[in-house]
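J.: Quick one, input22.txt (compact mmCIF, C-alpha atoms):
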```
# COMPACT_ATOMS: atom_id res chain seq x y z
CA MET A 109 12.83 14.30 19.18
CA ASN A 110 11.30 17.74 19.70
CA ARG A 111 11.03 20.92 17.70
CA ALA A 112 14.11 22.45 19.35
CA ALA A 113 16.22 19.35 18.57
CA PHE A 114 15.48 19.62 14.86
CA GLU A 115 17.27 22.66 13.50
CA LYS A 116 15.85 22.89 10.02
CA LYS A 117 18.20 24.44 7.51
CA PRO A 118 16.73 27.14 5.27
CA ARG A 119 15.80 26.07 1.75
CA SER A 120 18.93 26.07 -0.38
CA GLN A 121 19.12 27.78 -3.74
CA ARG A 122 19.56 24.38 -5.39
CA GLU A 123 16.40 22.99 -3.80
CA GLN A 124 14.46 26.13 -4.70
CA THR A 125 15.60 25.81 -8.30
CA LEU A 126 14.64 22.14 -8.41
CA LEU A 127 11.18 22.91 -7.00
CA GLU A 128 10.66 25.55 -9.68
CA LYS A 129 11.81 23.13 -12.40
CA SER A 130 9.44 20.46 -11.13
CA GLU A 131 6.53 22.80 -11.73
CA GLN A 132 7.85 23.69 -15.16
CA TYR A 133 8.72 20.22 -16.46
CA LEU A 134 6.86 17.57 -14.42
CA ALA A 135 3.23 17.05 -15.37
CA CYS A 136 2.21 16.24 -11.80
CA GLY A 137 4.41 18.90 -10.26
CA ILE A 138 6.15 18.27 -6.94
CA ARG A 139 5.06 15.31 -4.80
CA SER A 140 4.97 16.34 -1.18
CA ALA A 141 4.02 14.93 2.20
CA SER A 142 2.21 18.19 2.97
CA ILE A 143 -0.41 20.23 1.18
CA ASN A 144 1.40 23.35 2.46
CA PRO A 145 3.95 24.45 -0.19
CA ASP A 146 6.22 25.77 2.57
CA TYR A 147 6.98 22.14 3.42
CA SER A 148 7.76 21.01 -0.15
CA MET A 149 11.11 19.28 -0.47
CA VAL A 150 13.28 17.44 -2.95
CA ILE A 151 14.83 14.22 -1.64
CA THR A 152 18.44 13.50 -2.58
CA GLY A 153 19.09 10.29 -0.67
CA GLY A 154 18.13 7.83 2.04
CA LYS A 155 19.89 5.50 4.44
CA GLY A 156 18.21 3.17 6.89
CA ALA A 157 15.21 4.93 8.44
CA ARG A 158 16.21 8.42 7.26
CA VAL A 159 16.07 10.55 4.12
CA THR A 160 17.85 13.79 3.27
CA ASP A 161 16.56 16.73 1.24
CA ALA A 162 18.40 19.02 -1.18
CA SER A 163 18.91 21.58 1.58
CA GLY A 164 20.68 19.06 3.80
CA ASN A 165 17.83 18.38 6.23
CA GLU A 166 17.58 14.83 7.53
CA TYR A 167 14.18 13.34 8.37
CA LEU A 168 13.18 10.23 10.27
CA ASP A 169 11.11 8.50 7.61
CA TYR A 170 7.75 6.79 8.13
CA LEU A 171 6.72 7.35 4.51
CA LEU A 172 9.22 4.75 3.25
CA GLY A 173 8.46 5.46 -0.41
CA SER A 174 4.79 4.60 0.31
CA GLY A 175 5.78 1.35 1.93
CA PRO A 176 8.36 -0.56 -0.14
CA MET A 177 11.38 0.27 2.02
CA PHE A 178 10.39 -2.28 4.67
CA LEU A 179 14.04 -3.00 5.43
CA GLY A 180 14.99 0.67 5.19
CA HIS A 181 16.71 2.73 2.51
CA SER A 182 19.89 1.45 0.84
CA HIS A 183 19.83 -1.83 2.72
CA PRO A 184 23.26 -3.53 2.42
CA ALA A 185 21.73 -6.67 0.90
CA MET A 186 20.09 -4.55 -1.80
CA VAL A 187 23.31 -2.67 -2.56
CA ARG A 188 25.30 -5.92 -2.78
CA ALA A 189 22.73 -7.53 -5.05
CA VAL A 190 22.86 -4.63 -7.49
CA GLN A 191 26.67 -4.40 -7.44
CA GLN A 192 27.13 -8.11 -8.00
CA ARG A 193 24.77 -8.30 -10.99
CA VAL A 194 24.86 -5.00 -12.83
CA GLY A 195 28.27 -5.68 -14.38
CA ASN A 196 26.88 -8.75 -16.15
CA GLY A 197 23.94 -7.07 -17.84
CA ASN A 198 20.56 -6.35 -16.38
CA SER A 199 17.77 -7.18 -18.84
CA PHE A 200 17.60 -10.00 -21.40
CA LEU A 201 13.88 -10.68 -22.00
CA LEU A 202 14.79 -14.38 -21.86
CA SER A 203 14.60 -16.30 -18.60
CA ASN A 204 17.44 -15.68 -16.18
CA ASP A 205 18.78 -17.73 -13.29
CA VAL A 206 17.89 -15.42 -10.42
CA ALA A 207 14.25 -14.95 -11.54
CA ILE A 208 13.80 -18.73 -11.46
CA GLU A 209 15.32 -18.91 -7.97
CA LEU A 210 13.07 -16.07 -6.79
CA ALA A 211 9.97 -17.79 -8.21
CA GLU A 212 10.82 -20.94 -6.29
CA GLU A 213 11.31 -19.00 -3.05
CA ILE A 214 8.05 -17.03 -3.37
CA ALA A 215 6.19 -20.29 -4.01
CA ARG A 216 7.78 -21.73 -0.88
CA VAL A 217 6.77 -18.94 1.51
CA VAL A 218 3.47 -17.52 0.16
CA PRO A 219 0.54 -19.89 0.88
CA CYS A 220 -1.49 -19.46 -2.33
CA VAL A 221 1.44 -19.51 -4.74
CA GLU A 222 2.17 -22.53 -6.91
CA LYS A 223 3.44 -20.51 -9.88
CA VAL A 224 4.33 -16.83 -10.42
CA SER A 225 4.77 -14.28 -13.17
CA PHE A 226 6.98 -11.21 -12.77
CA HIS A 227 6.07 -7.61 -13.60
CA ASN A 228 7.26 -4.06 -12.97
CA SER A 229 4.86 -2.52 -10.44
CA GLY A 230 1.92 -3.13 -8.16
CA SER A 231 -0.41 -1.66 -10.76
CA GLU A 232 0.84 -4.15 -13.35
CA ALA A 233 0.47 -7.00 -10.87
CA THR A 234 -3.19 -6.27 -10.10
CA PHE A 235 -3.89 -5.64 -13.79
CA PHE A 236 -2.50 -9.01 -14.83
CA ALA A 237 -4.12 -10.84 -11.90
CA LEU A 238 -7.45 -9.48 -13.12
CA ARG A 239 -6.70 -10.62 -16.66
CA LEU A 240 -5.83 -14.13 -15.52
CA ALA A 241 -9.00 -14.42 -13.43
CA ARG A 242 -11.18 -13.21 -16.29
CA ALA A 243 -9.66 -15.75 -18.64
CA TYR A 244 -10.21 -18.53 -16.13
CA ARG A 245 -13.85 -17.55 -15.61
CA ASN A 246 -14.54 -16.29 -19.13
CA ARG A 247 -16.37 -13.40 -17.45
CA ASP A 248 -15.70 -9.66 -17.55
CA LYS A 249 -16.77 -8.03 -14.31
CA LEU A 250 -14.61 -7.22 -11.30
CA LEU A 251 -15.95 -6.85 -7.77
CA LYS A 252 -13.80 -4.61 -5.58
CA PHE A 253 -14.36 -2.80 -2.30
CA GLU A 254 -15.12 0.86 -1.79
CA GLY A 255 -12.05 2.78 -0.66
CA ALA A 256 -9.58 0.13 -1.86
CA TYR A 257 -6.72 1.19 -4.10
CA HIS A 258 -5.53 -1.40 -6.63
CA GLY A 259 -3.32 0.73 -8.86
CA MET A 260 -3.65 3.16 -11.74
CA HIS A 261 -5.22 1.05 -14.47
CA ASP A 262 -8.78 1.94 -15.47
CA GLN A 263 -10.79 -0.75 -13.74
CA ALA A 264 -8.73 -0.54 -10.56
CA LEU A 265 -9.13 3.21 -10.26
CA MET A 266 -12.79 3.02 -9.28
CA SER A 267 -14.31 4.05 -5.94
CA ALA A 268 -10.86 4.20 -4.36
CA GLN A 269 -9.80 6.33 -1.40
CA TRP A 270 -10.35 9.61 -3.26
CA THR A 271 -14.09 9.00 -3.61
CA THR A 272 -15.94 11.70 -1.67
CA GLN A 273 -19.25 11.49 -3.57
CA VAL A 274 -20.28 7.87 -3.19
CA ALA A 275 -22.85 6.01 -5.28
CA ASP A 276 -25.38 3.33 -4.40
CA PHE A 277 -23.81 -0.13 -4.21
CA PRO A 278 -22.71 -1.73 -6.48
CA GLU A 279 -22.26 1.30 -8.81
CA ALA A 280 -18.63 2.34 -9.39
CA VAL A 281 -17.30 5.90 -9.29
CA PRO A 282 -14.29 6.65 -11.56
CA ASN A 283 -11.42 8.40 -9.77
CA SER A 284 -9.82 9.95 -12.84
CA ALA A 285 -10.70 11.67 -16.05
CA GLY A 286 -9.96 9.64 -19.15
CA ILE A 287 -11.55 6.40 -17.96
CA SER A 288 -14.09 4.98 -20.38
CA SER A 289 -17.68 4.40 -19.31
CA ARG A 290 -17.33 0.79 -20.43
CA SER A 291 -14.57 0.27 -17.87
CA ARG A 292 -16.83 1.64 -15.17
CA ASP A 293 -19.64 -0.70 -16.21
CA ASP A 294 -17.37 -3.72 -15.70
CA VAL A 295 -16.70 -2.90 -12.04
CA LEU A 296 -18.99 -3.66 -9.10
CA ILE A 297 -18.43 -2.02 -5.71
CA ALA A 298 -19.14 -3.57 -2.31
CA PRO A 299 -18.72 -2.26 1.25
CA PHE A 300 -15.64 -3.59 3.03
CA ASN A 301 -16.43 -5.50 6.25
CA ASP A 302 -20.10 -5.98 5.30
CA LEU A 303 -20.21 -9.67 4.43
CA GLU A 304 -23.99 -9.80 4.14
CA MET A 305 -24.28 -7.10 1.48
CA THR A 306 -21.15 -8.28 -0.30
CA SER A 307 -22.52 -11.82 -0.48
CA GLN A 308 -25.79 -10.52 -1.91
CA ILE A 309 -23.93 -8.63 -4.66
CA ILE A 310 -21.73 -11.62 -5.47
CA ARG A 311 -24.68 -14.01 -5.74
CA GLN A 312 -26.72 -11.55 -7.79
CA HIS A 313 -23.88 -11.08 -10.30
CA ALA A 314 -22.17 -14.48 -10.05
CA ASP A 315 -22.67 -15.27 -13.74
CA GLU A 316 -20.90 -12.02 -14.71
CA LEU A 317 -17.98 -11.97 -12.28
CA GLY A 318 -14.43 -12.69 -13.34
CA CYS A 319 -13.11 -12.28 -9.79
CA VAL A 320 -13.39 -10.65 -6.41
CA MET A 321 -10.35 -8.50 -5.57
CA VAL A 322 -9.67 -7.30 -2.04
CA GLU A 323 -6.95 -5.59 -0.04
CA PRO A 324 -6.98 -7.87 3.03
CA LEU A 325 -6.02 -4.80 5.06
CA CYS A 326 -8.09 -2.25 3.15
CA ARG A 327 -6.03 0.92 3.54
CA THR A 328 -5.89 0.63 7.34
CA PHE A 329 -9.37 -0.87 7.83
CA VAL A 330 -8.72 -4.14 9.63
CA PRO A 331 -10.91 -7.01 8.40
CA ALA A 332 -13.72 -7.82 10.82
CA PRO A 333 -13.70 -11.32 12.32
CA GLY A 334 -14.99 -13.75 9.71
CA PHE A 335 -15.06 -11.25 6.83
CA LEU A 336 -12.15 -12.62 4.78
CA GLN A 337 -13.14 -16.18 5.69
CA GLY A 338 -16.66 -15.46 4.44
CA LEU A 339 -15.32 -14.09 1.15
CA ARG A 340 -13.24 -17.23 0.78
CA GLU A 341 -16.24 -19.49 1.37
CA ILE A 342 -18.63 -17.83 -1.07
CA THR A 343 -16.06 -17.42 -3.84
CA ARG A 344 -15.00 -21.04 -3.47
CA GLU A 345 -18.63 -22.16 -3.57
CA LEU A 346 -19.25 -20.23 -6.83
CA ASP A 347 -15.78 -20.94 -8.31
CA ILE A 348 -15.04 -17.23 -8.58
CA PRO A 349 -11.32 -16.49 -8.11
CA LEU A 350 -10.55 -14.58 -4.92
CA VAL A 351 -7.63 -12.22 -5.51
CA PHE A 352 -5.69 -10.68 -2.64
CA ASP A 353 -4.01 -7.39 -3.50
CA GLU A 354 -0.92 -7.82 -1.33
CA VAL A 355 1.08 -4.96 -2.83
CA VAL A 356 1.12 -3.29 0.61
CA THR A 357 0.65 -6.29 2.92
CA GLY A 358 2.83 -8.86 1.15
CA PHE A 359 6.00 -9.68 3.15
CA ARG A 360 5.13 -6.77 5.47
CA LEU A 361 2.50 -8.27 7.76
CA ALA A 362 4.25 -11.64 7.70
CA LEU A 363 6.66 -13.57 5.50
CA GLY A 364 3.65 -15.15 3.80
CA GLY A 365 1.79 -11.84 3.66
CA ALA A 366 -1.74 -11.11 4.81
CA GLN A 367 -2.87 -14.57 3.77
CA GLU A 368 -0.55 -16.02 6.39
CA TYR A 369 -1.29 -13.26 8.91
CA TYR A 370 -5.09 -13.60 8.63
CA ALA A 371 -5.04 -17.34 7.81
CA VAL A 372 -7.08 -17.06 4.60
CA THR A 373 -5.68 -18.39 1.32
CA PRO A 374 -6.87 -16.77 -1.94
CA ASP A 375 -6.68 -18.18 -5.45
CA LEU A 376 -4.35 -15.43 -6.71
CA CYS A 377 -2.33 -12.65 -5.16
CA ALA A 378 -0.59 -9.56 -6.48
CA GLY A 379 2.60 -8.47 -4.74
CA ALA A 380 5.27 -5.83 -5.06
CA LYS A 381 6.65 -3.33 -2.57
CA ALA A 382 8.22 -4.93 0.51
CA ILE A 383 10.85 -7.00 -1.35
CA SER A 384 11.41 -4.55 -4.20
CA GLY A 385 14.02 -2.41 -2.47
CA GLY A 386 12.38 0.49 -4.27
CA LEU A 387 13.13 -0.92 -7.73
CA PRO A 388 10.40 -1.53 -10.33
CA PHE A 389 9.00 -4.93 -9.36
CA GLY A 390 5.75 -6.81 -9.02
CA PHE A 391 4.46 -10.35 -9.27
CA VAL A 392 1.28 -12.36 -9.64
CA GLY A 393 1.13 -15.74 -7.97
CA GLY A 394 -1.47 -18.37 -7.34
CA ARG A 395 -3.01 -21.69 -8.25
CA ALA A 396 -1.27 -23.46 -11.10
CA GLN A 397 -4.65 -24.14 -12.74
CA ILE A 398 -5.08 -20.39 -13.27
CA MET A 399 -1.45 -19.35 -13.70
CA ASP A 400 -0.94 -22.02 -16.38
CA LEU A 401 -3.19 -20.03 -18.70
CA ALA A 402 -0.13 -17.84 -19.31
CA GLY A 403 1.77 -20.81 -20.72
CA ALA A 404 1.36 -23.81 -22.98
CA ALA A 405 -1.82 -24.98 -21.25
CA GLY A 406 -3.55 -21.72 -22.10
CA MET A 407 -2.41 -21.93 -25.72
CA LYS A 408 -3.67 -25.49 -26.00
CA ALA A 409 -7.03 -24.59 -24.46
CA GLY A 410 -7.44 -21.52 -26.66
CA ASN A 411 -7.56 -19.00 -23.79
CA HIS A 412 -3.93 -18.04 -23.53
CA VAL A 413 -3.20 -15.00 -21.30
CA ARG A 414 -0.38 -12.68 -22.33
CA LEU A 415 1.56 -11.36 -19.34
CA THR A 416 5.02 -10.56 -20.64
CA GLY A 417 6.87 -7.25 -20.67
CA THR A 418 10.32 -6.20 -21.84
CA PHE A 419 11.63 -5.55 -18.33
CA SER A 420 9.52 -8.09 -16.44
CA GLY A 421 11.74 -10.31 -14.32
CA ASN A 422 14.87 -8.30 -15.12
CA VAL A 423 17.99 -9.38 -13.28
CA LEU A 424 18.43 -6.31 -11.10
CA SER A 425 14.88 -6.26 -9.72
CA THR A 426 14.74 -10.01 -9.12
CA SER A 427 18.24 -10.09 -7.59
CA VAL A 428 17.25 -7.43 -5.09
CA ALA A 429 13.92 -9.13 -4.36
CA LEU A 430 15.61 -12.46 -3.72
CA ALA A 431 18.24 -10.88 -1.48
CA LEU A 432 15.67 -8.99 0.57
CA LEU A 433 13.37 -12.00 0.80
CA ASN A 434 16.27 -13.92 2.29
CA GLU A 435 16.86 -11.11 4.80
CA LEU A 436 13.22 -11.28 5.91
CA GLN A 437 13.74 -14.87 7.06
CA ALA A 438 16.09 -13.86 9.87
CA PRO A 439 14.84 -15.35 13.17
CA GLY A 440 12.73 -12.94 15.20
CA LEU A 441 12.62 -10.20 12.56
CA TYR A 442 8.83 -9.91 12.38
CA ALA A 443 8.39 -10.16 16.14
CA GLU A 444 10.82 -7.29 16.66
CA VAL A 445 9.47 -4.91 14.01
CA ASN A 446 5.87 -5.62 15.00
CA ALA A 447 6.69 -4.94 18.64
CA ARG A 448 8.20 -1.57 17.77
CA GLY A 449 5.35 -0.65 15.49
CA LEU A 450 2.75 -1.68 18.05
CA ARG A 451 4.47 0.41 20.71
CA LEU A 452 4.27 3.49 18.48
CA LYS A 453 0.68 2.76 17.46
CA ASN A 454 -0.45 2.31 21.06
CA ALA A 455 1.42 5.40 22.23
CA LEU A 456 -0.19 7.54 19.54
CA SER A 457 -3.63 6.25 20.49
CA GLU A 458 -3.03 6.98 24.17
CA LEU A 459 -1.64 10.49 23.51
CA LEU A 460 -4.69 11.38 21.43
CA ARG A 461 -6.97 10.05 24.16
CA GLU A 462 -5.17 12.05 26.86
CA ALA A 463 -5.35 15.19 24.71
CA GLU A 464 -9.08 14.59 24.22
CA ILE A 465 -8.69 14.72 20.44
CA PRO A 466 -11.40 12.64 18.74
CA ALA A 467 -9.51 9.97 16.81
CA ARG A 468 -9.13 6.28 16.14
CA VAL A 469 -5.74 4.73 15.40
CA ILE A 470 -6.32 1.63 13.29
CA GLY A 471 -4.32 -0.76 11.16
CA GLU A 472 -1.58 -3.25 11.91
CA PRO A 473 1.70 -2.64 13.78
CA THR A 474 3.78 -1.74 10.72
CA ALA A 475 1.03 0.05 8.76
CA PHE A 476 -1.43 2.13 10.76
CA GLN A 477 -3.18 5.47 10.62
CA PRO A 478 -4.83 7.99 12.95
CA TRP A 479 -8.34 8.86 11.78
CA PHE A 480 -9.51 12.14 13.28
CA LEU A 481 -13.23 11.55 13.77
CA GLU A 482 -15.87 10.58 16.29
CA GLY A 483 -17.05 6.99 16.45
CA GLU A 484 -15.65 3.84 14.92
CA VAL A 485 -14.04 3.59 11.49
CA TYR A 486 -14.22 0.28 9.65
CA ASP A 487 -14.79 1.08 5.96
CA HIS A 488 -14.65 3.92 3.46
CA ARG A 489 -18.02 5.50 4.26
CA SER A 490 -17.37 5.55 8.00
CA SER A 491 -14.10 7.37 7.25
CA LEU A 492 -15.73 10.24 5.33
CA ALA A 493 -16.33 12.15 8.58
CA LEU A 494 -12.56 12.70 8.81
CA ASP A 495 -11.44 16.07 10.16
CA TRP A 496 -9.25 16.98 7.19
CA LYS A 497 -7.79 20.11 8.73
CA ARG A 498 -6.40 18.21 11.72
CA HIS A 499 -5.43 15.31 9.46
CA PHE A 500 -3.13 17.46 7.32
CA LYS A 501 -1.86 19.51 10.26
CA LEU A 502 -0.32 16.42 11.83
CA GLN A 503 2.02 16.03 8.82
CA ASP A 504 3.25 19.61 9.21
CA LEU A 505 3.74 19.39 12.96
CA LEU A 506 5.80 16.23 12.50
CA LEU A 507 7.88 17.82 9.73
CA ASP A 508 8.63 20.68 12.12
CA ARG A 509 10.27 18.04 14.30
CA GLY A 510 12.17 16.24 11.54
CA ILE A 511 9.71 13.39 11.04
CA LEU A 512 8.30 12.44 7.65
CA LYS A 513 5.15 10.39 7.16
CA SER A 514 2.65 9.86 4.38
CA GLN A 515 -0.65 11.69 4.17
CA GLU A 516 -2.19 8.48 5.47
CA LYS A 517 -0.17 5.74 7.13
CA PHE A 518 2.74 5.43 9.46
CA PHE A 519 4.90 2.76 7.80
CA VAL A 520 7.35 1.17 10.24
CA SER A 521 10.47 -0.57 8.93
CA THR A 522 13.02 -2.97 10.36
CA ALA A 523 15.46 -0.03 10.21
CA HIS A 524 13.52 1.94 12.84
CA SER A 525 15.32 1.50 16.15
CA ASN A 526 13.85 1.59 19.62
CA GLN A 527 15.41 5.04 19.97
CA ASP A 528 13.63 6.16 16.78
CA ILE A 529 10.34 5.01 18.27
CA ASP A 530 11.12 6.79 21.53
CA ASP A 531 11.98 10.00 19.69
CA THR A 532 8.78 9.82 17.66
CA ILE A 533 6.65 9.32 20.77
CA THR A 534 8.39 12.34 22.34
CA ALA A 535 7.61 14.43 19.25
CA LEU A 536 3.98 13.31 19.23
CA ALA A 537 3.57 14.17 22.89
CA GLU A 538 5.03 17.63 22.32
CA LEU A 539 2.80 18.45 19.33
CA MET A 540 -0.50 17.36 20.89
CA PRO A 541 -1.35 20.80 22.36
CA GLU A 542 -0.89 22.40 18.93
CA LEU A 543 -2.93 19.67 17.27
CA LYS A 544 -5.72 20.00 19.82
CA VAL A 545 -6.36 23.70 19.11
CA VAL A 546 -6.77 23.11 15.37
CA ARG A 547 -10.37 23.98 14.57
CA ARG A 548 -12.30 21.64 12.36
CA ASN A 549 -12.78 22.75 8.79
CA GLU A 550 -15.75 21.07 7.17
CA ASN A 551 -14.35 21.88 3.74
CA ARG A 552 -11.56 19.57 2.68
```
Take the structure in this file and express it as structure tokens.
T.:
Amino acid sequence: MNRAAFEKKPRSQREQTLLEKSEQYLACGIRSASINPDYSMVITGGKGARVTDASGNEYLDYLLGSGPMFLGHSHPAMVRAVQQRVGNGNSFLLSNDVAIELAEEIARVVPCVEKVSFHNSGSEATFFALRLARAYRNRDKLLKFEGAYHGMHDQALMSAQWTTQVADFPEAVPNSAGISSRSRDDVLIAPFNDLEMTSQIIRQHADELGCVMVEPLCRTFVPAPGFLQGLREITRELDIPLVFDEVVTGFRLALGGAQEYYAVTPDLCAGAKAISGGLPFGFVGGRAQIMDLAGAAGMKAGNHVRLTGTFSGNVLSTSVALALLNELQAPGLYAEVNARGLRLKNALSELLREAEIPARVIGEPTAFQPWFLEGEVYDHRSSLALDWKRHFKLQDLLLDRGILKSQEKFFVSTAHSNQDIDDTITALAELMPELKVVRRNENR
């Protein structure tokens, strides 16, 4: 796919009106893949590996709704699941048959899971995992890693990827106004991939820690050999729950998530996106000893954890999740999608090298990112040297060629064909000369 092959239609009056209304009525305004308003768009639909905007332009999609569309948009199994259930009601608060079947299947395929609770988003899942761990430990503090994003609740939104002014470890930096100072004081920050310093912080604060929460693939920072294993060893030694945030990695890196992929089993995990089909969905799963605090055992012990919500485990979300989870068990599925993703990742790395553009392409085959900087990148602080001007320019150059990606990762889905990968590599090769002449802007 090249620039000439993508004949972008001019912005329609309808799309222009919708963009204006988004600024008038939506508190956050328009959400866009580009910081350039000329590239703003309103999406009206998606099918497979493509989305369409309100002006009729079709884009090859590597944004994938920020990851959840791992099987592509409007997957037939998702559509069937919704059609078959919606006529019989969709939310009852009480237990329903499909949620029980889904719980059994998640427990079968995810290594750490003995029991689960269902929720409505990744943010809810990490929030409730934290609550469970705190109740188990009867301690308040959370240790998380700098640069990791665990959702929009107060104690998760600390020292995440938006942190440009870092603090001394283990001090936390709030990433939003409106977060109380007490929330900040309950969060400790450690450097990802630095097991020595992390272990020092954990031991120093062991009597205060409710849990250690980690994205096993922290953004696109791949865990160093022994890092996750070391976390597992020290948290097991001190009986501090290790929580994997698998909202991005769950069912994407492998059927059993990052814990299967990296062969490290946590005490709890939070999951969402890849089996949600884009519907509101999340879950917490883990050791029965901890999960049982949400039930009769917690009531009897006097430390019962409330996890329920009106729409948690609703029939539509769980029906879709169960259907898509079944689809993911097709023989050879992960080998095929990983092969395609790895081919694109390697091609991008080689094209950047040939163009003599300083960059590192890191991550895993279905979730990776080019970092435009000199040297290695392995954690948040090493990524702060990013050439932001070139970083954002790549999005625009791809949009010029009918390719949509996030402002960070390339997400690869099972719906991306070999031809899609070929077309993307062609587009990347064509845009390299334009990307190379972009002059670094030290100001973000």
J.: Between A:Leu459, A:Val217, A:Ile310, A:Cys326, which residue has the minimum interatomic distance to Gly365 of chain A, considering all atoms listed in the file?
T.: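 That would be A:Val217, the residue with the smallest distance to Gly365 of chain A.
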J.: Determine the nearest neighbour of Thr416 of chain A from the options A:Val351, A:Met540, A:Ala438, A:Leu201, counting only C-alpha atoms.
T.: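 Between A:Val351, A:Met540, A:Ala438, A:Leu201, the residue approaching Thr416 of chain A most closely is A:Leu201.
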J.: Hey, can you check how far atom CA of Thr532 of chain A sits from atom CA of Leu452 of chain A?
T.: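 For atom CA of Thr532 of chain A relative to atom CA of Leu452 of chain A, the distance reads 7.8 Å.
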J.: Counting all atoms listed in the file, which of A:Glu213, A:Asp531, A:Glu304, A:Asp262 gets nearest to Glu232 of chain A?
T.: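 Result for the nearest residue to Glu232 of chain A: A:Asp262.
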J.: Residues within 12 Å of Gly440 of chain A, please, as number ranges by chain. Count only C-alpha atoms; anything in the same chain fewer than 5 positions from it doesn't count.
T.: A: 362-363, 435, 445-447, 522
J.: Since we have the selection now, will you write its residues out, keeping C-alpha atoms, as a short mmCIF file (atom, residue, chain, number, x, y, z; two decimals), in the frame of the given file?
T.:
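Resulting contents of out.cif:
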```cif
data_model
loop_
_atom_site.label_atom_id
_atom_site.label_comp_id
_atom_site.auth_asym_id
_atom_site.auth_seq_id
_atom_site.Cartn_x
_atom_site.Cartn_y
_atom_site.Cartn_z
CA ALA A 362 4.25 -11.64 7.70
CA LEU A 363 6.66 -13.57 5.50
CA GLU A 435 16.86 -11.11 4.80
CA VAL A 445 9.47 -4.91 14.01
CA ASN A 446 5.87 -5.62 15.00
CA ALA A 447 6.69 -4.94 18.64
CA THR A 522 13.02 -2.97 10.36
#
```
J.: For Ala256 of chain A, which residue among A:Asp487, A:Glu279, A:Glu128, A:Glu341 is the nearest when counting all atoms listed in the file?
T.: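 Selected residue with least distance to Ala256 of chain A: A:Asp487.
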J.: Could you state the separation of atom CA of Phe235 of chain A and atom CA of Val206 of chain A in Å, given to one decimal place?
T.: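 Atom-to-atom, atom CA of Phe235 of chain A and atom CA of Val206 of chain A are spaced 24.1 Å apart.
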J.: Skipping near chain neighbours, those fewer than 5 positions away, what residues fall within 9 Å of Phe500 of chain A using all atoms listed in the file, listed as a PDB file with C-alpha atoms, in the coordinates of the input?
T.:
```pdb
ATOM      1  CA  SER A 142       2.210  18.190   2.970  1.00  0.00           C
ATOM      2  CA  ILE A 143      -0.410  20.230   1.180  1.00  0.00           C
ATOM      3  CA  ASN A 144       1.400  23.350   2.460  1.00  0.00           C
ATOM      4  CA  ASP A 495     -11.440  16.070  10.160  1.00  0.00           C
ATOM      5  CA  GLN A 515      -0.650  11.690   4.170  1.00  0.00           C
TER       6      GLN A 515
END
```
J.: I'd like to know which of A:Asn434, A:Thr418, A:Thr357, A:Ser120 is closest to Pro473 of chain A, using all atoms listed in the file.
T.: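 Checking each candidate against Pro473 of chain A, we get A:Thr357 as the closest.
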J.: Could you name the residues that touch Lys501 of chain A at 12 Å or less, counting all atoms listed in the file, but leaving out those on the same chain fewer than 6 positions away, as a ChimeraX atom specification?
T.: /A:141-144,147,480,495,507-508,513,515,539-540,542-549
J.: Quick check, in Å to one decimal: how far apart do atom CA of Ile151 of chain A and atom CA of Leu494 of chain A lie?
T.: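 According to the coordinates, atom CA of Ile151 of chain A and atom CA of Leu494 of chain A are separated by 29.4 Å.
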J.: From the options A:Pro388, A:Gly403, A:Pro374, A:Gly334, which residue's atoms come nearest to Asp347 of chain A, counting all atoms listed in the file?
T.: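 Closest candidate: A:Pro374.
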